[in-house]
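Some notes on the structure that comes next.
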Amino acid sequence: MSETVFECQEKMRRLAVKIVKHYRGKGPENVKVRMEYESLIIIEIRGILSSLSEILLKEGAVHLVTEYWKVLKPYLEREFMAEIAETLGSPFTYTWKIEDPNPGDRAIIIQLNKSV
C-alpha cells in the first residue's frame, strides 16, 4: 500500500471518528476505511447510533429515529463536508446505508466517490 493511500485512509478514519463524537459525545466502536479504487473510498462505522437511538429502535420506534436523522443529517453535512473535501483534495459524491439493523452488529456504510 502506498504511503499516500495509507495517509488518506487514516485521515478519513480520524474524520469519521470526529463526526461521530460531535453528535454522540463519544467515539464509535470501530471505524474501517478502505480504498476500492483510486476514486472510491468506503467507510464502515460501527457503534454510530446514540444510546437514545438504540433504545428507540429496541422499543420499536424506528419512525422516531428516522425523523431524528432527517434533522441531524443536514446539520452534519453542513458542518463536515468542507473538511471531507479538503481531506480528499477533490469534489466528491456520496451514498450511505445502514447495514444489519440488529443491535451490536449495526453499521453505517458511507461510499465516497471522488470526482476525476
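Chain labels A, B, ... are given in the sequence in which chains occur in the C-alpha cells; within each chain residues are numbered consecutively from 1, and ligands are likewise numbered from 1 in the order shown.
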- Item | Test item: residues at most 12 Å from Gly89 of chain A, only C-alpha atoms, excluding those fewer than 6 positions along its chain, as a list of chain:residue names | A:Cys8, A:Lys11, A:Met12, A:Ser39, A:Met81, A:Ala82, A:Glu83, A:Lys114, A:Ser115, A:Val116
Would you write out those residues with N, CA, C and O atoms, as a PDB file, in the first residue's frame?
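Output file part39.pdb is given in full below:
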ATOM      1  N   CYS A   8      -4.335   8.813   3.411  1.00  0.00           N
ATOM      2  CA  CYS A   8      -5.715   9.185   3.103  1.00  0.00           C
ATOM      3  C   CYS A   8      -6.686   8.353   3.931  1.00  0.00           C
ATOM      4  O   CYS A   8      -7.642   8.884   4.502  1.00  0.00           O
ATOM      5  N   LYS A  11      -6.609   9.617   7.550  1.00  0.00           N
ATOM      6  CA  LYS A  11      -7.281  10.914   7.682  1.00  0.00           C
ATOM      7  C   LYS A  11      -8.796  10.736   7.654  1.00  0.00           C
ATOM      8  O   LYS A  11      -9.519  11.356   8.441  1.00  0.00           O
ATOM      9  N   MET A  12      -9.292   9.896   6.761  1.00  0.00           N
ATOM     10  CA  MET A  12     -10.731   9.658   6.675  1.00  0.00           C
ATOM     11  C   MET A  12     -11.235   8.946   7.931  1.00  0.00           C
ATOM     12  O   MET A  12     -12.317   9.248   8.421  1.00  0.00           O
ATOM     13  N   SER A  39     -10.725   6.202  -6.982  1.00  0.00           N
ATOM     14  CA  SER A  39     -11.782   7.194  -6.810  1.00  0.00           C
ATOM     15  C   SER A  39     -12.906   6.757  -5.862  1.00  0.00           C
ATOM     16  O   SER A  39     -13.857   7.494  -5.658  1.00  0.00           O
ATOM     17  N   MET A  81     -18.756  18.633   5.467  1.00  0.00           N
ATOM     18  CA  MET A  81     -18.494  18.410   4.044  1.00  0.00           C
ATOM     19  C   MET A  81     -17.237  19.125   3.562  1.00  0.00           C
ATOM     20  O   MET A  81     -16.474  18.578   2.770  1.00  0.00           O
ATOM     21  N   ALA A  82     -17.003  20.334   4.034  1.00  0.00           N
ATOM     22  CA  ALA A  82     -15.803  21.060   3.626  1.00  0.00           C
ATOM     23  C   ALA A  82     -14.549  20.332   4.103  1.00  0.00           C
ATOM     24  O   ALA A  82     -13.555  20.258   3.367  1.00  0.00           O
ATOM     25  N   GLU A  83     -14.600  19.772   5.315  1.00  0.00           N
ATOM     26  CA  GLU A  83     -13.445  19.026   5.829  1.00  0.00           C
ATOM     27  C   GLU A  83     -13.183  17.764   5.011  1.00  0.00           C
ATOM     28  O   GLU A  83     -12.036  17.406   4.765  1.00  0.00           O
ATOM     29  N   LYS A 114     -14.890  10.031  -5.440  1.00  0.00           N
ATOM     30  CA  LYS A 114     -14.129  11.223  -5.815  1.00  0.00           C
ATOM     31  C   LYS A 114     -14.334  11.521  -7.289  1.00  0.00           C
ATOM     32  O   LYS A 114     -14.358  10.617  -8.127  1.00  0.00           O
ATOM     33  N   SER A 115     -14.480  12.795  -7.598  1.00  0.00           N
ATOM     34  CA  SER A 115     -14.582  13.209  -8.999  1.00  0.00           C
ATOM     35  C   SER A 115     -13.194  13.180  -9.612  1.00  0.00           C
ATOM     36  O   SER A 115     -12.213  13.548  -8.992  1.00  0.00           O
ATOM     37  N   VAL A 116     -13.138  12.701 -10.825  1.00  0.00           N
ATOM     38  CA  VAL A 116     -11.850  12.619 -11.522  1.00  0.00           C
ATOM     39  C   VAL A 116     -11.774  13.606 -12.648  1.00  0.00           C
ATOM     40  O   VAL A 116     -12.696  14.175 -13.065  1.00  0.00           O
TER      41      VAL A 116
END
- Message: I'd like to know which residues of chain A are alpha helix (DSSP H) (by DSSP, run on the backbone); could you write them as a ChimeraX atom specification?
- Response: /A:3-24,51-58,62-88
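Here atom CA of Ile108 of chain A and atom CA of Ile45 of chain A stand 5.3 Å from one another.
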- Would you mind listing what lies within 9 Å of Glu44 of chain A as number ranges by chain, with only C-alpha atoms counted and same-chain residues fewer than 2 positions away left out? A: 30-34, 42, 46, 107-111
Just the selected residues (N, CA and C atoms), exported as a PDB file, in the first residue's frame, please.
ATOM      1  N   ASN A  30     -15.876   1.151  16.183  1.00  0.00           N
ATOM      2  CA  ASN A  30     -14.936   0.675  15.173  1.00  0.00           C
ATOM      3  C   ASN A  30     -15.140   1.458  13.876  1.00  0.00           C
ATOM      4  N   VAL A  31     -14.058   1.934  13.298  1.00  0.00           N
ATOM      5  CA  VAL A  31     -14.119   2.615  12.008  1.00  0.00           C
ATOM      6  C   VAL A  31     -13.096   1.964  11.083  1.00  0.00           C
ATOM      7  N   LYS A  32     -13.566   1.512   9.928  1.00  0.00           N
ATOM      8  CA  LYS A  32     -12.677   0.937   8.915  1.00  0.00           C
ATOM      9  C   LYS A  32     -12.810   1.761   7.650  1.00  0.00           C
ATOM     10  N   VAL A  33     -11.686   2.058   7.036  1.00  0.00           N
ATOM     11  CA  VAL A  33     -11.666   2.804   5.775  1.00  0.00           C
ATOM     12  C   VAL A  33     -10.870   1.988   4.783  1.00  0.00           C
ATOM     13  N   ARG A  34     -11.440   1.826   3.601  1.00  0.00           N
ATOM     14  CA  ARG A  34     -10.684   1.131   2.552  1.00  0.00           C
ATOM     15  C   ARG A  34     -10.918   1.829   1.221  1.00  0.00           C
ATOM     16  N   ILE A  42     -14.554   3.609   0.895  1.00  0.00           N
ATOM     17  CA  ILE A  42     -15.654   3.044   1.668  1.00  0.00           C
ATOM     18  C   ILE A  42     -15.308   3.155   3.148  1.00  0.00           C
ATOM     19  N   ARG A  46     -19.057   1.313  12.940  1.00  0.00           N
ATOM     20  CA  ARG A  46     -19.884   0.534  13.864  1.00  0.00           C
ATOM     21  C   ARG A  46     -20.008   1.306  15.169  1.00  0.00           C
ATOM     22  N   ALA A 107     -24.096  -1.036  11.523  1.00  0.00           N
ATOM     23  CA  ALA A 107     -23.019  -0.217  10.966  1.00  0.00           C
ATOM     24  C   ALA A 107     -23.602   0.719   9.920  1.00  0.00           C
ATOM     25  N   ILE A 108     -22.936   1.824   9.739  1.00  0.00           N
ATOM     26  CA  ILE A 108     -23.277   2.735   8.651  1.00  0.00           C
ATOM     27  C   ILE A 108     -22.146   2.610   7.636  1.00  0.00           C
ATOM     28  N   ILE A 109     -22.512   2.411   6.389  1.00  0.00           N
ATOM     29  CA  ILE A 109     -21.540   2.304   5.307  1.00  0.00           C
ATOM     30  C   ILE A 109     -21.659   3.566   4.455  1.00  0.00           C
ATOM     31  N   ILE A 110     -20.569   4.293   4.324  1.00  0.00           N
ATOM     32  CA  ILE A 110     -20.539   5.508   3.515  1.00  0.00           C
ATOM     33  C   ILE A 110     -19.582   5.257   2.350  1.00  0.00           C
ATOM     34  N   GLN A 111     -20.052   5.530   1.140  1.00  0.00           N
ATOM     35  CA  GLN A 111     -19.210   5.412  -0.043  1.00  0.00           C
ATOM     36  C   GLN A 111     -18.973   6.811  -0.588  1.00  0.00           C
TER      37      GLN A 111
END
